[in-house]
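Novice: Have a look at this one before I ask anything.
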Amino acid sequence: MNTQRTSHTAILLKNGKVLVAGGSDGHSCVFSSELYDSKTGNWTSTGDMSLDRCQHTMSALTNGKVLVAGGDTSDAEIYDPSSGIWTTTERMHTTRLGHTASILADGKILAAGGETDSAEIYDPLTGNWTATNRMHRQRYQHIAVVLTNGDMLVAGGFGGDNSAELYVSPKKTLATINKINNLSNGHNNTTGSNNYL
C-alpha cells in the first residue's frame, strides 16, 4: 500500500478493484484511500475522505457505491468508484467506534454498537438514518452476521462478554439467544462484504 495502515477497512468493488480507506499510520488516523488492482498488482491513490477515520465500517451498496460510517464520529460518506470522489451523506444519530454495519436483504445498512447499545438503519435511496431498537448490551468490536433468513446475529465484543442476540428483521426487534461458548473480544466476521452465511 502507499500508506501504512491499521484499523482500516477494505472492500471489493464491482469493477474488481479493492478499496482501502482510513486507519492509523502509527501516529494518527488518516483520511486517505487507495485502490488495489489485482490485474496489475499495483496500488493507486484515490480520493480522500472528508475526515480521518479509524475503526470505522465500510459497506457495499447495491448501486456499486460504498458507504463509510463512524470511526469515533457520527459522520458518514459515500465513495463513487466511477469518479473516485467521496460525498458526505447524513450523519448517524450516534457516534460509533468499533461498531458493525451489515447489509440487510432489502439493501439497507444496519449499524449497531460501537461503545453503545444503540442501532440504526441507513437507507441508500433516501440517504437517511433511522434509529431502531437497542441491543440488550453495549458492544464494541463485536461481530454481526446477516443470516439466510434475513435475521442478524450479533455476538461478543467488549461489553457483550459471551452473550449473543438476534435482530429479527421483519419485526425490527432484538432477542437474546444462548451464550457463545468462549469469550470473544475484538474478533471479526469472515463472510465477505455481504455478511451472509
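Quick note on naming: the chains in the C-alpha cells go A, B, ... in the order shown, residues restart at 1 in each chain, and ligands are numbered from 1 in order of appearance.
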Determine, using only C-alpha atoms, which residues of segment 83-156 of chain A have any atom at most 9 Å from an atom of segment 47-71 of chain A, and tabulate each with its shortest atom pair and distance in Å to one decimal place, rows ordered by chain and then rising number, as JSON lines.

Specialist:
```
{"residue": "A:Ser83", "atom": "CA", "partner": "A:Gly47", "partner_atom": "CA", "distance": 8.7}
{"residue": "A:Gly84", "atom": "CA", "partner": "A:Gly47", "partner_atom": "CA", "distance": 5.3}
{"residue": "A:Ile85", "atom": "CA", "partner": "A:Gly47", "partner_atom": "CA", "distance": 5.2}
{"residue": "A:Trp86", "atom": "CA", "partner": "A:Met49", "partner_atom": "CA", "distance": 5.8}
{"residue": "A:Thr87", "atom": "CA", "partner": "A:Ser50", "partner_atom": "CA", "distance": 7.9}
{"residue": "A:Thr88", "atom": "CA", "partner": "A:Ser50", "partner_atom": "CA", "distance": 7.4}
{"residue": "A:Thr89", "atom": "CA", "partner": "A:Leu67", "partner_atom": "CA", "distance": 8.9}
{"residue": "A:Arg91", "atom": "CA", "partner": "A:Ala69", "partner_atom": "CA", "distance": 8.3}
{"residue": "A:Met92", "atom": "CA", "partner": "A:Ala69", "partner_atom": "CA", "distance": 7.8}
{"residue": "A:Thr94", "atom": "CA", "partner": "A:Gly70", "partner_atom": "CA", "distance": 8.7}
{"residue": "A:Thr95", "atom": "CA", "partner": "A:Gly70", "partner_atom": "CA", "distance": 6.4}
{"residue": "A:Arg96", "atom": "CA", "partner": "A:Gly70", "partner_atom": "CA", "distance": 5.0}
{"residue": "A:Leu97", "atom": "CA", "partner": "A:Gly71", "partner_atom": "CA", "distance": 4.6}
{"residue": "A:Gly98", "atom": "CA", "partner": "A:Gln55", "partner_atom": "CA", "distance": 5.0}
{"residue": "A:His99", "atom": "CA", "partner": "A:His56", "partner_atom": "CA", "distance": 7.2}
{"residue": "A:Thr100", "atom": "CA", "partner": "A:Thr57", "partner_atom": "CA", "distance": 6.5}
{"residue": "A:Ala101", "atom": "CA", "partner": "A:Thr57", "partner_atom": "CA", "distance": 6.1}
{"residue": "A:Ser102", "atom": "CA", "partner": "A:Ser59", "partner_atom": "CA", "distance": 7.3}
{"residue": "A:Ile103", "atom": "CA", "partner": "A:Ser59", "partner_atom": "CA", "distance": 7.2}
{"residue": "A:Gly107", "atom": "CA", "partner": "A:Thr62", "partner_atom": "CA", "distance": 6.4}
{"residue": "A:Lys108", "atom": "CA", "partner": "A:Leu61", "partner_atom": "CA", "distance": 8.1}
{"residue": "A:Ile109", "atom": "CA", "partner": "A:Ser59", "partner_atom": "CA", "distance": 7.6}
{"residue": "A:Ala111", "atom": "CA", "partner": "A:Ala69", "partner_atom": "CA", "distance": 8.6}
{"residue": "A:Gly114", "atom": "CA", "partner": "A:Gly70", "partner_atom": "CA", "distance": 8.8}
{"residue": "A:Pro124", "atom": "CA", "partner": "A:Leu61", "partner_atom": "CA", "distance": 7.3}
{"residue": "A:Gln141", "atom": "CA", "partner": "A:Gln55", "partner_atom": "CA", "distance": 8.7}
```

Novice: Write out as a VMD selection string the residues lying within 6 Å of His142 of chain A, counting only C-alpha atoms and excluding same-chain residues fewer than 2 positions away.

Specialist: chain A and resid 140 155 to 157

Novice: Could you list, as a count of residues only, every residue within 12 Å of Leu35 of chain A, counting only C-alpha atoms and ignoring same-chain residues fewer than 2 positions away?

Specialist: 32

Novice: Just want the 12 Å neighbourhood of Asp106 of chain A, counted on only C-alpha atoms, with same-chain residues fewer than 5 positions away dropped. Output as a list in words.

Specialist: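 Selected residues are Leu61, Thr62, Ile121, Tyr122, Asp123, Pro124, Leu125, Val146, Gly150, Asp151, Ser169, Pro170 and Asn194 of chain A.
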
Novice: Those same residues, written as a tab-separated table (two decimals), in the first residue's frame with N, CA and C atoms?

Specialist:
```tsv
chain	number	residue	atom	x	y	z
A	61	LEU	N	-22.90	-0.77	-1.31
A	61	LEU	CA	-24.30	-0.50	-1.62
A	61	LEU	C	-24.68	-1.21	-2.92
A	62	THR	N	-25.96	-1.45	-3.13
A	62	THR	CA	-26.41	-2.19	-4.31
A	62	THR	C	-26.13	-1.44	-5.61
A	121	ILE	N	-30.50	2.32	11.05
A	121	ILE	CA	-30.53	1.79	9.69
A	121	ILE	C	-30.36	2.92	8.68
A	122	TYR	N	-29.47	2.69	7.70
A	122	TYR	CA	-29.26	3.66	6.62
A	122	TYR	C	-30.00	3.20	5.38
A	123	ASP	N	-30.76	4.10	4.79
A	123	ASP	CA	-31.48	3.82	3.55
A	123	ASP	C	-30.76	4.50	2.39
A	124	PRO	N	-30.12	3.75	1.49
A	124	PRO	CA	-29.38	4.37	0.39
A	124	PRO	C	-30.26	5.17	-0.56
A	125	LEU	N	-31.54	4.86	-0.62
A	125	LEU	CA	-32.44	5.57	-1.54
A	125	LEU	C	-32.74	6.99	-1.06
A	146	VAL	N	-25.49	-11.33	8.91
A	146	VAL	CA	-26.86	-11.50	8.43
A	146	VAL	C	-27.04	-12.95	8.01
A	150	GLY	N	-32.64	-13.58	6.83
A	150	GLY	CA	-32.76	-12.14	6.95
A	150	GLY	C	-32.51	-11.59	8.34
A	151	ASP	N	-32.50	-12.46	9.36
A	151	ASP	CA	-32.18	-12.02	10.71
A	151	ASP	C	-30.68	-11.75	10.81
A	169	SER	N	-35.42	-9.18	11.50
A	169	SER	CA	-35.60	-8.14	10.51
A	169	SER	C	-37.04	-7.66	10.32
A	170	PRO	N	-38.03	-8.55	10.10
A	170	PRO	CA	-39.38	-8.03	9.86
A	170	PRO	C	-39.95	-7.26	11.04
A	194	ASN	N	-20.94	-8.97	2.02
A	194	ASN	CA	-22.39	-9.02	2.22
A	194	ASN	C	-22.79	-9.54	3.59
```

Novice: Go through segment 25-109 of chain A and collect every residue that DSSP, computed from the backbone, puts in strand (DSSP E); the answer should be as a PDB file with C-alpha atoms, in the first residue's frame.

Specialist:
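Heads up, here's the output in part_15.pdb:
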```
ATOM      1  CA  SER A  33      -7.849   5.909   0.467  1.00  0.00           C
ATOM      2  CA  GLU A  34      -6.349   3.787  -2.280  1.00  0.00           C
ATOM      3  CA  LEU A  35      -7.233   1.102  -4.806  1.00  0.00           C
ATOM      4  CA  TYR A  36      -5.595  -2.274  -5.413  1.00  0.00           C
ATOM      5  CA  ASP A  37      -5.757  -3.631  -8.965  1.00  0.00           C
ATOM      6  CA  ASN A  42      -0.471  -2.027  -8.257  1.00  0.00           C
ATOM      7  CA  TRP A  43      -1.830   0.343  -5.607  1.00  0.00           C
ATOM      8  CA  THR A  44      -3.197   3.712  -6.772  1.00  0.00           C
ATOM      9  CA  SER A  45      -4.275   6.631  -4.612  1.00  0.00           C
ATOM     10  CA  THR A  46      -7.892   7.710  -4.999  1.00  0.00           C
ATOM     11  CA  THR A  57     -17.128   0.491   8.841  1.00  0.00           C
ATOM     12  CA  MET A  58     -17.321   0.115   5.077  1.00  0.00           C
ATOM     13  CA  SER A  59     -20.376  -1.292   3.277  1.00  0.00           C
ATOM     14  CA  ALA A  60     -21.054  -2.035  -0.395  1.00  0.00           C
ATOM     15  CA  VAL A  66     -19.549   2.377  -0.882  1.00  0.00           C
ATOM     16  CA  LEU A  67     -20.761   3.738   2.460  1.00  0.00           C
ATOM     17  CA  VAL A  68     -18.215   4.538   5.180  1.00  0.00           C
ATOM     18  CA  ALA A  69     -19.543   5.398   8.635  1.00  0.00           C
ATOM     19  CA  ALA A  76     -20.806   9.141   7.083  1.00  0.00           C
ATOM     20  CA  GLU A  77     -19.830   9.473   3.439  1.00  0.00           C
ATOM     21  CA  ILE A  78     -20.134   7.643   0.138  1.00  0.00           C
ATOM     22  CA  TYR A  79     -17.422   6.699  -2.364  1.00  0.00           C
ATOM     23  CA  ASP A  80     -18.267   6.659  -6.068  1.00  0.00           C
ATOM     24  CA  ILE A  85     -14.861  11.088  -5.169  1.00  0.00           C
ATOM     25  CA  TRP A  86     -16.238  10.895  -1.618  1.00  0.00           C
ATOM     26  CA  THR A  87     -19.504  12.716  -0.862  1.00  0.00           C
ATOM     27  CA  THR A  88     -20.876  13.270   2.628  1.00  0.00           C
ATOM     28  CA  THR A  89     -24.291  11.874   3.492  1.00  0.00           C
ATOM     29  CA  THR A 100     -20.632  -3.192  12.837  1.00  0.00           C
ATOM     30  CA  ALA A 101     -22.507  -2.307   9.650  1.00  0.00           C
ATOM     31  CA  SER A 102     -24.412  -5.141   7.997  1.00  0.00           C
ATOM     32  CA  ILE A 103     -26.199  -5.236   4.657  1.00  0.00           C
ATOM     33  CA  ILE A 109     -27.391  -0.951   6.213  1.00  0.00           C
TER      34      ILE A 109
END
```

Novice: With only C-alpha atoms as the atoms that count, which of A:Thr116, A:Gln138, A:Ser82, A:Ser163 lies nearest to Lys14 of chain A?

Specialist: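 Smallest distance to Lys14 of chain A is found for A:Ser82.
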
Novice: Go ahead and compute the interatomic distance for atom CA of Glu120 of chain A and atom CA of His93 of chain A, in Å to one decimal.

Specialist: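 About the pair atom CA of Glu120 of chain A and atom CA of His93 of chain A: they are 7.7 Å apart.
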
Novice: Distance atom CA of Ser28 of chain A-atom CA of Ile143 of chain A, one decimal place?

Specialist: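 Distance reported for this atom pair: 24.9 Å.
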